Amino acid sequence: MKKFLKYGTPVVVVLLLVVLAFAGNYMLKFSLTPYDGERTFNEEEVYAELYEDYPFMEEWVDSMKTEGALKDTTIVNRDGDKLHGYFFAAPQATDKTVVVVHGYKDCAIEFFFLGRMYNHDLNFNVLMPDLYYHGYSEGKAVQMGWKDRLDVLQWMDVAAQLFPGTKMMVHGVSMGAATTMNVSGEELEDYVKCFIEDCGYTSVWDEFKKELKEQFGLPAFPLMHVASMVCKWKYGWSFQEAAPLKQVTKCKLPMLFIHGDADTFVPTWMVYPLYEAKPEPKEIWITAGVKHAESYHDYPVEYTQKVREFTAKYMK
């Protein structure tokens with residue numbers, strides 16, 4: 001027994017650490033590099049999904065392409081990665097521009113319905129980036145809206161160059177909403193006027209903790225801590241620091257919070273501490289019976305009107 005305690009205990013500890021490291025790395029791969037094999041992007045499939053959910057979009061996209069109004073652009077981010085985006089000018093000359101930010105494992109095309117709302121219904125100029133590791137953009141892993149905030153700040157500068165003298169806002173959904181809130185806590189140019197976040201999470205830690213429990217029945221400790229450390233080592237950020245809840249406390253510009261009351265992927269409860277943490281001015285709209293990221297889908301007329309009223313108030 002004494003021999004085992006002398007030699008066996010360190011072996012057990014080492015084995016445990018190896019297992020934790022393996023499990024943490026698996027969790028990270030599962031969450032941040034979710035594609036089997038090399039990541040590919042099939043534009044036709046994405047458009048087909050968009051038209052299935054929003055049939056009216058096909059005519060609008062065809063019209064924009066025919067007129068040459070739907071344009072591509074690229075940037076090179078701080079790490080040397082090439083990122084892709086779309087932009088299109090308002091039907092009538094305007095000084096209002098929106099940057100629309102998509103969600104996890106999505107791309108700009110999948111959120112063209114919001115681009116159309118702003119462009120067709122509200123007469124905005126629109127820029128819609130493919131986030132790092134999404135769509136046509138390069139990248140090694142999902143950034144969960146944290147380092148994405150720096151890319152979006154760069155995209156905002158591009159939008160200001162494309163549409164000189166503009167006033168600007170950012171509207172994001174899901175991970176794009178987290179990105180939007182993260183952007184809101186940074187030092188911003190004077191042309192930025194307001195934000196809309198739709199079903200964003202309080203922090204990457206909170207969201208991954210929920211998923212770990214629901215999908216695998218596991219507690220946060222110690223796996224989350226290990227995975228976060230591996231993420232810091234591999235990608236330069238930790239789950240704890242990637243917290244929109246902290247970022248919104250620094251935001252002095254107006255923000256509209258939108259969340260479905262039937263959202264279980266990013267649970268509805270998350271919107272309330274976010275809203276409370278955000279200094280005035282702020283507004284909140286909880287959509288009845290709506291699941292994750294479907295507020296526009298279920299209430300297109302009401303959604304458009306909410307955005308119209310909010311932007312009319314603050315995009316002056």
# chains A, B, ... in the order shown; residues from 1 in each chain; ligands from 1
$ residues_around --residues "Leu70 of chain A" --least-positions-apart "2" --cutoff "8 Å" --atoms "only C-alpha atoms" --output "ChimeraX atom specification"
/A:64-65,67-68,72,86-88
$ select_by_dssp --residues "segment 18-107 of chain A" --states "helix (DSSP H, G or I)" --output "ChimeraX atom specification"
/A:18-32,43-53,57-66
$ residues_around --residues "segment 73-75 of chain A" --least-positions-apart "5" --cutoff "8 Å" --atoms "only C-alpha atoms" --output "PyMOL selection string"
chain A and resi 82-87+155
$ write_last_selection --atoms "N, CA and C atoms" --output "PDB file, in the first residue's frame"
ATOM      1  N   LYS A  82      -7.701  36.843 -44.787  1.00  0.00           N
ATOM      2  CA  LYS A  82      -8.569  37.533 -45.738  1.00  0.00           C
ATOM      3  C   LYS A  82     -10.024  37.271 -45.372  1.00  0.00           C
ATOM      4  N   LEU A  83     -10.768  38.333 -45.140  1.00  0.00           N
ATOM      5  CA  LEU A  83     -12.171  38.232 -44.760  1.00  0.00           C
ATOM      6  C   LEU A  83     -13.039  38.833 -45.861  1.00  0.00           C
ATOM      7  N   HIS A  84     -14.213  38.227 -46.058  1.00  0.00           N
ATOM      8  CA  HIS A  84     -15.099  38.590 -47.154  1.00  0.00           C
ATOM      9  C   HIS A  84     -16.383  39.229 -46.635  1.00  0.00           C
ATOM     10  N   GLY A  85     -16.945  40.114 -47.431  1.00  0.00           N
ATOM     11  CA  GLY A  85     -18.225  40.706 -47.072  1.00  0.00           C
ATOM     12  C   GLY A  85     -18.988  41.161 -48.304  1.00  0.00           C
ATOM     13  N   TYR A  86     -20.275  41.490 -48.090  1.00  0.00           N
ATOM     14  CA  TYR A  86     -21.136  42.026 -49.148  1.00  0.00           C
ATOM     15  C   TYR A  86     -21.560  43.436 -48.749  1.00  0.00           C
ATOM     16  N   PHE A  87     -21.804  44.269 -49.744  1.00  0.00           N
ATOM     17  CA  PHE A  87     -22.377  45.574 -49.440  1.00  0.00           C
ATOM     18  C   PHE A  87     -23.299  45.987 -50.570  1.00  0.00           C
ATOM     19  N   TRP A 155     -14.472  46.362 -40.265  1.00  0.00           N
ATOM     20  CA  TRP A 155     -15.523  46.425 -41.281  1.00  0.00           C
ATOM     21  C   TRP A 155     -16.289  47.747 -41.195  1.00  0.00           C
TER      22      TRP A 155
END
$ residues_around --residues "Tyr54 of chain A" --least-positions-apart "5" --cutoff "9 Å" --atoms "only C-alpha atoms" --output "PyMOL selection string"
chain A and resi 49+113+297
$ residues_around --residues "Pro244 of chain A" --least-positions-apart "4" --cutoff "12 Å" --atoms "only C-alpha atoms" --output "number ranges by chain"
A: 144-147, 149, 174-186, 197, 199-207, 239-240, 248-251, 270-271, 273-275, 277-278
$ select_by_dssp --residues "segment 59-236 of chain A" --states "strand (DSSP E or B)" --output "MDAnalysis selection string"
chainID A and resid 71:76 82:88 96:101 125:129 167:173 192:198
$ decode --residues "segment 34-45 of chain A" --atoms "all heavy atoms" --output "compact mmCIF listing (two decimals), in the first residue's frame"
# COMPACT_ATOMS: atom_id res chain seq x y z
N PRO A 34 -16.25 22.99 -35.79
CA PRO A 34 -17.32 21.98 -35.82
C PRO A 34 -17.49 21.23 -37.13
O PRO A 34 -18.38 20.40 -37.24
CB PRO A 34 -18.56 22.81 -35.52
CG PRO A 34 -18.25 24.16 -36.07
CD PRO A 34 -16.78 24.35 -35.83
N TYR A 35 -16.66 21.51 -38.13
CA TYR A 35 -16.84 20.85 -39.42
C TYR A 35 -15.94 19.62 -39.51
O TYR A 35 -14.80 19.64 -39.06
CB TYR A 35 -16.51 21.81 -40.56
CG TYR A 35 -17.32 23.07 -40.50
CD1 TYR A 35 -16.79 24.24 -39.95
CD2 TYR A 35 -18.64 23.11 -40.96
CE1 TYR A 35 -17.55 25.41 -39.89
CE2 TYR A 35 -19.39 24.27 -40.90
CZ TYR A 35 -18.84 25.41 -40.36
OH TYR A 35 -19.59 26.55 -40.29
N ASP A 36 -16.46 18.56 -40.10
CA ASP A 36 -15.69 17.34 -40.32
C ASP A 36 -14.76 17.57 -41.51
O ASP A 36 -15.21 17.93 -42.60
CB ASP A 36 -16.60 16.15 -40.61
CG ASP A 36 -17.42 15.76 -39.39
OD1 ASP A 36 -16.92 15.95 -38.28
OD2 ASP A 36 -18.56 15.29 -39.57
N GLY A 37 -13.47 17.34 -41.29
CA GLY A 37 -12.54 17.53 -42.39
C GLY A 37 -12.34 19.00 -42.69
O GLY A 37 -12.56 19.88 -41.85
N GLU A 38 -11.96 19.34 -43.91
CA GLU A 38 -11.70 20.71 -44.30
C GLU A 38 -13.02 21.46 -44.48
O GLU A 38 -13.97 20.96 -45.06
CB GLU A 38 -10.91 20.74 -45.62
CG GLU A 38 -10.46 22.13 -46.03
CD GLU A 38 -9.59 22.10 -47.27
OE1 GLU A 38 -9.16 21.00 -47.66
OE2 GLU A 38 -9.37 23.18 -47.84
N ARG A 39 -13.07 22.67 -43.96
CA ARG A 39 -14.28 23.49 -44.06
C ARG A 39 -14.53 23.89 -45.51
O ARG A 39 -13.63 24.35 -46.20
CB ARG A 39 -14.13 24.74 -43.19
CG ARG A 39 -15.36 25.62 -43.16
CD ARG A 39 -15.18 26.76 -42.18
NE ARG A 39 -14.16 27.70 -42.60
CZ ARG A 39 -14.40 28.80 -43.34
NH1 ARG A 39 -15.63 29.07 -43.74
NH2 ARG A 39 -13.42 29.62 -43.65
N THR A 40 -15.75 23.70 -45.95
CA THR A 40 -16.13 24.10 -47.31
C THR A 40 -17.35 25.01 -47.23
O THR A 40 -18.05 25.06 -46.22
CB THR A 40 -16.46 22.88 -48.19
OG1 THR A 40 -17.53 22.14 -47.58
CG2 THR A 40 -15.24 21.98 -48.35
N PHE A 41 -17.61 25.72 -48.32
CA PHE A 41 -18.74 26.63 -48.36
C PHE A 41 -19.47 26.46 -49.68
O PHE A 41 -18.88 26.65 -50.76
CB PHE A 41 -18.28 28.08 -48.18
CG PHE A 41 -19.39 29.09 -48.26
CD1 PHE A 41 -20.39 29.11 -47.30
CD2 PHE A 41 -19.45 30.01 -49.30
CE1 PHE A 41 -21.42 30.04 -47.37
CE2 PHE A 41 -20.47 30.93 -49.38
CZ PHE A 41 -21.46 30.95 -48.41
N ASN A 42 -20.75 26.06 -49.62
CA ASN A 42 -21.55 25.84 -50.81
C ASN A 42 -22.60 26.94 -50.91
O ASN A 42 -23.62 26.90 -50.22
CB ASN A 42 -22.20 24.46 -50.76
CG ASN A 42 -22.88 24.08 -52.05
OD1 ASN A 42 -23.57 24.90 -52.67
ND2 ASN A 42 -22.68 22.84 -52.49
N GLU A 43 -22.34 27.92 -51.76
CA GLU A 43 -23.23 29.07 -51.87
C GLU A 43 -24.63 28.68 -52.33
O GLU A 43 -25.63 29.22 -51.83
CB GLU A 43 -22.62 30.10 -52.83
CG GLU A 43 -23.42 31.38 -52.94
CD GLU A 43 -22.77 32.40 -53.84
OE1 GLU A 43 -21.68 32.89 -53.48
OE2 GLU A 43 -23.36 32.71 -54.90
N GLU A 44 -24.73 27.76 -53.26
CA GLU A 44 -26.05 27.35 -53.77
C GLU A 44 -26.91 26.76 -52.67
O GLU A 44 -28.11 27.04 -52.58
CB GLU A 44 -25.88 26.33 -54.91
CG GLU A 44 -25.38 26.92 -56.21
CD GLU A 44 -25.41 25.92 -57.36
OE1 GLU A 44 -25.97 24.82 -57.17
OE2 GLU A 44 -24.87 26.24 -58.43
N GLU A 45 -26.31 25.92 -51.82
CA GLU A 45 -27.06 25.31 -50.71
C GLU A 45 -27.54 26.39 -49.73
O GLU A 45 -28.66 26.32 -49.22
CB GLU A 45 -26.20 24.28 -49.98
CG GLU A 45 -25.96 23.00 -50.76
CD GLU A 45 -25.17 21.98 -49.97
OE1 GLU A 45 -24.83 22.27 -48.79
OE2 GLU A 45 -24.88 20.90 -50.53
